[in-house]
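entry-v2.cif (mmCIF, C-alpha atoms)
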```
data_model
#
loop_
_atom_site.label_atom_id
_atom_site.label_comp_id
_atom_site.auth_asym_id
_atom_site.auth_seq_id
_atom_site.Cartn_x
_atom_site.Cartn_y
_atom_site.Cartn_z
CA MET F 30 -9.45 6.11 -30.48
CA LEU F 31 -10.60 3.33 -32.84
CA ARG F 32 -12.05 5.97 -35.17
CA PHE F 33 -8.72 7.79 -35.13
CA ARG F 34 -6.78 4.66 -36.07
CA MET F 35 -9.24 3.60 -38.77
CA ALA F 36 -9.13 7.09 -40.29
CA PHE F 37 -5.36 6.97 -40.52
CA ILE F 38 -5.42 3.48 -42.04
CA ALA F 39 -7.95 4.59 -44.64
CA GLY F 40 -5.94 7.75 -45.30
CA PHE F 41 -2.73 5.74 -45.63
CA ILE F 42 -4.32 3.61 -48.37
CA LEU F 43 -5.62 6.74 -50.06
CA VAL F 44 -2.18 8.34 -50.08
CA CYS F 45 -0.55 5.21 -51.51
CA VAL F 46 -3.07 5.04 -54.35
CA PHE F 47 -3.29 8.80 -54.99
CA PRO F 48 0.03 10.44 -53.98
CA ARG F 49 -0.06 14.05 -52.78
CA PRO F 50 1.58 16.76 -54.90
CA SER F 51 5.14 17.58 -53.85
CA PHE F 52 4.53 21.34 -53.97
CA ALA F 53 1.91 23.75 -55.24
CA ASP F 54 1.14 27.41 -54.64
CA GLY F 55 -1.54 28.06 -52.04
CA LEU F 56 -1.10 24.75 -50.22
CA PRO F 57 0.21 24.38 -46.68
CA VAL F 58 3.79 23.10 -46.76
CA LEU F 59 5.31 20.30 -44.68
CA SER F 60 9.05 20.91 -44.47
CA ILE F 61 12.36 20.01 -42.84
CA ASP F 62 13.92 22.94 -41.00
CA PRO F 63 16.65 23.82 -41.70
CA VAL F 64 16.37 22.68 -45.30
CA SER F 65 20.15 22.21 -45.55
CA SER F 66 22.42 21.50 -42.59
CA THR F 67 25.85 20.11 -41.71
CA VAL F 68 27.02 17.82 -38.90
CA THR F 69 30.33 16.13 -38.14
CA ALA F 70 30.64 12.37 -37.89
CA ASN F 71 29.70 11.02 -34.43
CA ALA F 72 27.87 14.26 -33.56
CA ASN F 73 24.12 14.81 -33.14
CA LEU F 74 21.86 17.10 -35.13
CA THR F 75 18.29 18.23 -34.42
CA LEU F 76 15.84 19.02 -37.22
CA ASP F 77 12.26 20.30 -37.02
CA VAL F 78 9.38 18.94 -39.05
CA ASN F 79 7.31 22.07 -39.65
CA ILE F 80 3.93 22.88 -41.13
CA SER F 81 3.20 26.32 -42.58
CA ASP F 82 -0.07 28.07 -43.42
CA VAL F 83 -2.34 25.14 -42.60
CA THR F 84 -6.05 25.49 -41.82
CA ASN F 85 -8.07 23.26 -39.47
CA LEU F 86 -5.38 20.62 -38.84
CA TYR F 87 -6.60 17.90 -36.47
CA GLY F 88 -4.12 15.09 -37.14
CA PHE F 89 -1.22 14.05 -39.33
CA GLN F 90 0.97 11.13 -40.32
CA PHE F 91 4.23 10.86 -42.29
CA ASP F 92 7.28 8.68 -42.97
CA LEU F 93 10.85 9.95 -43.31
CA ALA F 94 13.69 8.37 -45.30
CA PHE F 95 17.45 9.03 -45.07
CA SER F 96 20.73 7.41 -46.18
CA PRO F 97 21.53 4.67 -43.64
CA GLY F 98 25.28 4.72 -44.31
CA THR F 99 25.49 8.46 -43.72
CA LEU F 100 23.04 9.10 -40.86
CA SER F 101 21.29 7.26 -38.08
CA ALA F 102 18.12 8.39 -36.31
CA SER F 103 18.11 8.56 -32.51
CA SER F 104 14.59 9.78 -31.76
CA ILE F 105 11.58 11.68 -32.99
CA ALA F 106 9.57 13.72 -30.48
CA GLU F 107 6.29 15.58 -30.50
CA GLY F 108 6.28 19.23 -31.55
CA ASN F 109 4.01 21.77 -29.91
CA PHE F 110 1.80 22.78 -32.83
CA LEU F 111 -1.11 20.50 -31.89
CA SER F 112 -0.35 19.99 -28.19
CA ASP F 113 -0.58 23.72 -27.46
CA SER F 114 -4.25 23.54 -28.50
CA GLY F 115 -5.41 20.49 -26.58
CA THR F 116 -4.81 16.90 -25.53
CA THR F 117 -3.00 14.86 -28.18
CA PHE F 118 -2.24 11.25 -29.02
CA PHE F 119 1.34 11.10 -30.39
CA ILE F 120 2.97 8.11 -32.09
CA SER F 121 6.70 8.56 -32.52
CA GLY F 122 6.89 5.88 -35.18
CA THR F 123 9.32 3.05 -35.83
CA ILE F 124 13.01 3.80 -36.49
CA ASP F 125 14.87 1.37 -38.77
CA ASN F 126 18.45 2.59 -39.16
CA SER F 127 19.41 -0.38 -41.34
CA LEU F 128 16.90 0.80 -43.96
CA GLY F 129 17.16 4.52 -43.20
CA LEU F 130 13.45 4.83 -42.46
CA ILE F 131 11.18 6.30 -39.79
CA SER F 132 7.70 4.96 -40.44
CA PHE F 133 4.26 6.00 -39.21
CA THR F 134 5.02 9.05 -37.12
CA ALA F 135 1.56 10.40 -36.27
CA ASN F 136 -0.26 12.77 -33.96
CA SER F 137 -3.86 13.85 -33.40
CA LEU F 138 -5.96 16.04 -31.18
CA LEU F 139 -8.48 14.13 -29.07
CA GLY F 140 -12.16 14.83 -28.63
CA PRO F 141 -14.60 17.14 -30.39
CA VAL F 142 -12.30 20.14 -30.73
CA PRO F 143 -11.54 22.37 -33.72
CA GLY F 144 -8.42 21.94 -35.78
CA VAL F 145 -5.43 24.27 -35.56
CA ASP F 146 -4.60 27.08 -37.99
CA GLY F 147 -1.23 28.60 -38.75
CA SER F 148 2.38 27.44 -38.74
CA GLY F 149 4.55 25.55 -36.27
CA THR F 150 6.51 22.42 -35.38
CA LEU F 151 4.85 19.01 -35.72
CA ALA F 152 7.82 16.87 -34.67
CA ILE F 153 11.49 17.13 -33.67
CA LEU F 154 13.98 14.70 -35.22
CA THR F 155 17.39 13.86 -33.73
CA LEU F 156 20.01 12.36 -36.04
CA MET F 157 23.68 11.36 -35.70
CA GLY F 158 26.32 11.67 -38.40
CA LEU F 159 27.94 8.35 -39.29
CA ALA F 160 30.22 8.87 -42.27
CA PRO F 161 31.09 11.72 -44.66
CA GLY F 162 28.49 12.26 -47.35
CA THR F 163 25.16 13.94 -48.06
CA SER F 164 21.76 12.46 -47.26
CA ASN F 165 18.31 13.63 -48.27
CA ILE F 166 15.62 13.73 -45.58
CA ALA F 167 12.56 12.84 -47.66
CA PHE F 168 8.86 12.60 -46.82
CA SER F 169 6.54 9.82 -47.93
CA ASN F 170 3.05 8.55 -47.01
CA VAL F 171 2.04 12.00 -45.78
CA LEU F 172 -1.50 12.51 -44.54
CA LEU F 173 -3.09 15.59 -42.94
CA LEU F 174 -6.66 15.44 -41.60
CA ASP F 175 -9.26 17.95 -40.46
CA PRO F 176 -11.64 17.28 -37.52
CA ASP F 177 -14.03 15.41 -39.85
CA PHE F 178 -11.12 13.20 -41.00
CA ASN F 179 -11.11 14.73 -44.46
CA PRO F 180 -7.64 14.88 -46.09
CA ILE F 181 -5.91 18.24 -46.35
CA ASP F 182 -3.77 18.75 -49.45
CA VAL F 183 -0.18 19.65 -48.58
CA GLY F 184 3.07 20.51 -50.36
CA LEU F 185 6.31 18.82 -49.34
CA GLN F 186 9.76 20.30 -48.91
CA SER F 187 12.42 17.72 -48.11
CA GLY F 188 15.80 18.54 -46.55
CA SER F 189 19.41 17.45 -46.77
CA VAL F 190 22.20 16.84 -44.26
CA THR F 191 25.91 16.84 -45.08
CA VAL F 192 28.19 14.86 -42.77
CA THR F 193 31.79 16.04 -42.57
CA PRO F 194 34.81 14.14 -41.17
CA ASN F 195 35.45 14.42 -37.46
CA VAL F 196 39.02 15.76 -37.55
CA THR F 197 40.72 16.27 -34.19
CA SER F 198 42.85 19.40 -34.37
CA VAL F 199 46.30 19.53 -32.73
CA PRO F 200 46.49 22.52 -30.38
CA GLU F 201 49.28 25.01 -31.07
CA PRO F 202 51.88 25.59 -28.31
CA SER F 203 51.14 28.67 -26.28
CA THR F 204 53.39 31.71 -26.35
CA LEU F 205 54.50 30.97 -22.79
CA LEU F 206 55.61 27.45 -23.68
CA LEU F 207 57.52 28.78 -26.68
CA LEU F 208 59.22 31.38 -24.46
CA ILE F 209 60.21 28.75 -21.87
CA ALA F 210 61.54 26.42 -24.58
CA GLY F 211 63.52 29.24 -26.21
CA THR F 212 65.00 30.37 -22.88
CA GLY F 213 66.03 26.81 -22.06
CA LEU F 214 67.73 26.38 -25.43
CA LEU F 215 69.71 29.63 -25.01
CA GLY F 216 70.79 28.59 -21.53
CA PHE F 217 71.94 25.20 -22.81
CA GLN F 218 73.98 26.81 -25.59
CA TRP F 219 75.59 29.30 -23.17
CA HIS F 220 76.46 26.50 -20.73
CA SER F 221 77.97 24.42 -23.55
CA ARG F 222 80.19 27.30 -24.73
CA ASN F 223 81.45 27.90 -21.17
CA ARG F 224 82.34 24.24 -20.71
CA LYS F 225 84.27 24.25 -24.00
CA ALA F 226 86.16 27.38 -22.93
CA GLU F 227 87.07 25.88 -19.55
CA SER F 228 88.26 22.62 -21.11
CA ALA F 229 90.52 24.50 -23.55
CA GLY F 230 92.48 26.10 -20.64
CA PRO F 231 94.42 29.42 -20.64
CA ILE F 232 96.09 30.51 -23.85
CA SER F 233 99.96 30.59 -23.55
CA ALA F 234 101.83 33.79 -24.40
#
```

Here is a file; write its structure as structure tokens.
Amino acid sequence: MLRFRMAFIAGFILVCVFPRPSFADGLPVLSIDPVSSTVTANANLTLDVNISDVTNLYGFQFDLAFSPGTLSASSIAEGNFLSDSGTTFFISGTIDNSLGLISFTANSLLGPVPGVDGSGTLAILTLMGLAPGTSNIAFSNVLLLDPDFNPIDVGLQSGSVTVTPNVTSVPEPSTLLLLIAGTGLLGFQWHSRNRKAESAGPISA
């Protein structure tokens, strides 16, 4: 466990000094899925943090940034990409909605096991819309490691979320209610005409 933590600390420093490329052909890609999505204010939205075409992945770490006035983060949970292959140690990270930041989300396999190849979900992010606007969901401080704790180069694909106003629609009256209202109005008019005729009395010859 200590080795795992020290490797991530060393990798974190390495990433800060030598940032990873945002995208390059042939690299595995860390992405937000869906890339573009929409949610209404006061409603929740779930996004996947996915990895594609990776080889020998043993552990990872990343931060996520978003617009704090537009979105708030509720939780970030472990995906099944690593856990389907063995026992894992997952760190959900620290959510700071005042800054719009989720920091140090990390996960690793445990023990002398091989890394995982392929594509899948590393984490699941739940957000809530706060106010109309568009927010980027951007990666930073990304680190992928193989079983020997060597960094794996990775491309990044950020996402965006548009928050729309929460407008409560007024339901239209049903056909039955319109029919009842119309029938009542006709009856009232017929009754009014009869009362006027009765009050006028018979017409003299």

- Evaluate the PyMOL selection byres ((chain F and resi 104) around 7) and record the selected residues as a PyMOL selection string, following the chain and residue labels used in the document. chain F and resi 102-103+105-106+154-155

Draw an axis-aligned box tight on the listed atoms of segment 159-167 of chain F, then pad every side by 5 Å and write out centre and edge lengths in Å to one decimal as AutoDock Vina command-line options.
```
--center_x 21.8 --center_y 11.1 --center_z -43.8 --size_x 28.5 --size_y 15.6 --size_z 19.0
```

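The environment of Leu74 of chain F within 9 Å, counting only C-alpha atoms and disregarding residues fewer than 5 places along the same chain, consists of Ser66, Thr67, Val68, Leu154, Thr155, Leu156, Met157 and Gly158 of chain F.
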
- Message: With all atoms listed in the file as the counted atoms, please give the residues lying no more than 9 Å from segment 140-149 of chain F, apart from itself and same-chain residues fewer than 6 positions off, as a PyMOL selection string.
- Response: chain F and resi 57+78-88+108-111+114-116+174-176

- Message: With distances taken over all atoms listed in the file, which residue among F:Leu76, F:Leu56, F:Leu139, F:Ile131 lies nearest Phe118 of chain F?
- Response: F:Leu139

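As for atom CA of Phe91 of chain F and atom CA of Asp113 of chain F, they are spaced 20.2 Å apart.
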
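We find atom CA of Leu185 of chain F and atom CA of Leu151 of chain F to be spaced 13.7 Å apart.
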
- Item | For Gly188 of chain F, the nearest of the candidates F:Ser164, F:Thr123, F:Ser96, F:Gln90, counting only C-alpha atoms | F:Ser164

For the PyMOL selection byres ((chain F and resi 160) around 6), applied here, can you spell out every residue it catches as a compact mmCIF listing (two decimals) with C-alpha atoms, in the coordinates of the input?
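Output (part.txt):
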```txt
# COMPACT_ATOMS: atom_id res chain seq x y z
CA ALA F 70 30.64 12.37 -37.89
CA THR F 99 25.49 8.46 -43.72
CA LEU F 159 27.94 8.35 -39.29
CA PRO F 161 31.09 11.72 -44.66
```

- Which distance in Å separates atom CA of Thr150 of chain F and atom CA of Phe178 of chain F, to one decimal? 20.7 Å

- Message: Residues within 6 Å of segment 167-172 of chain F, please, as a list in words. Count all atoms listed in the file; anything in the same chain fewer than 4 positions from it doesn't count.
- Response: Phe89, Gln90, Phe91, Asp92, Leu93, Ala94 and Ser187 of chain F

Applying 8 Å and only C-alpha atoms, which residues near Leu128 of chain F remain after dropping the ones on its own chain fewer than 2 positions away? List them as a CSV table (one decimal) with C-alpha atoms, in the frame of the given file.
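The resulting selection01.csv:
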```csv
chain,number,residue,atom,x,y,z
F,96,SER,CA,20.7,7.4,-46.2
F,97,PRO,CA,21.5,4.7,-43.6
F,125,ASP,CA,14.9,1.4,-38.8
F,126,ASN,CA,18.4,2.6,-39.2
F,130,LEU,CA,13.4,4.8,-42.5
```

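Restricting the calculation to only C-alpha atoms, the smallest distance between Val196 of chain F and any of F:Val183, F:Val58, F:Val64, F:Asn71 is found for F:Asn71.
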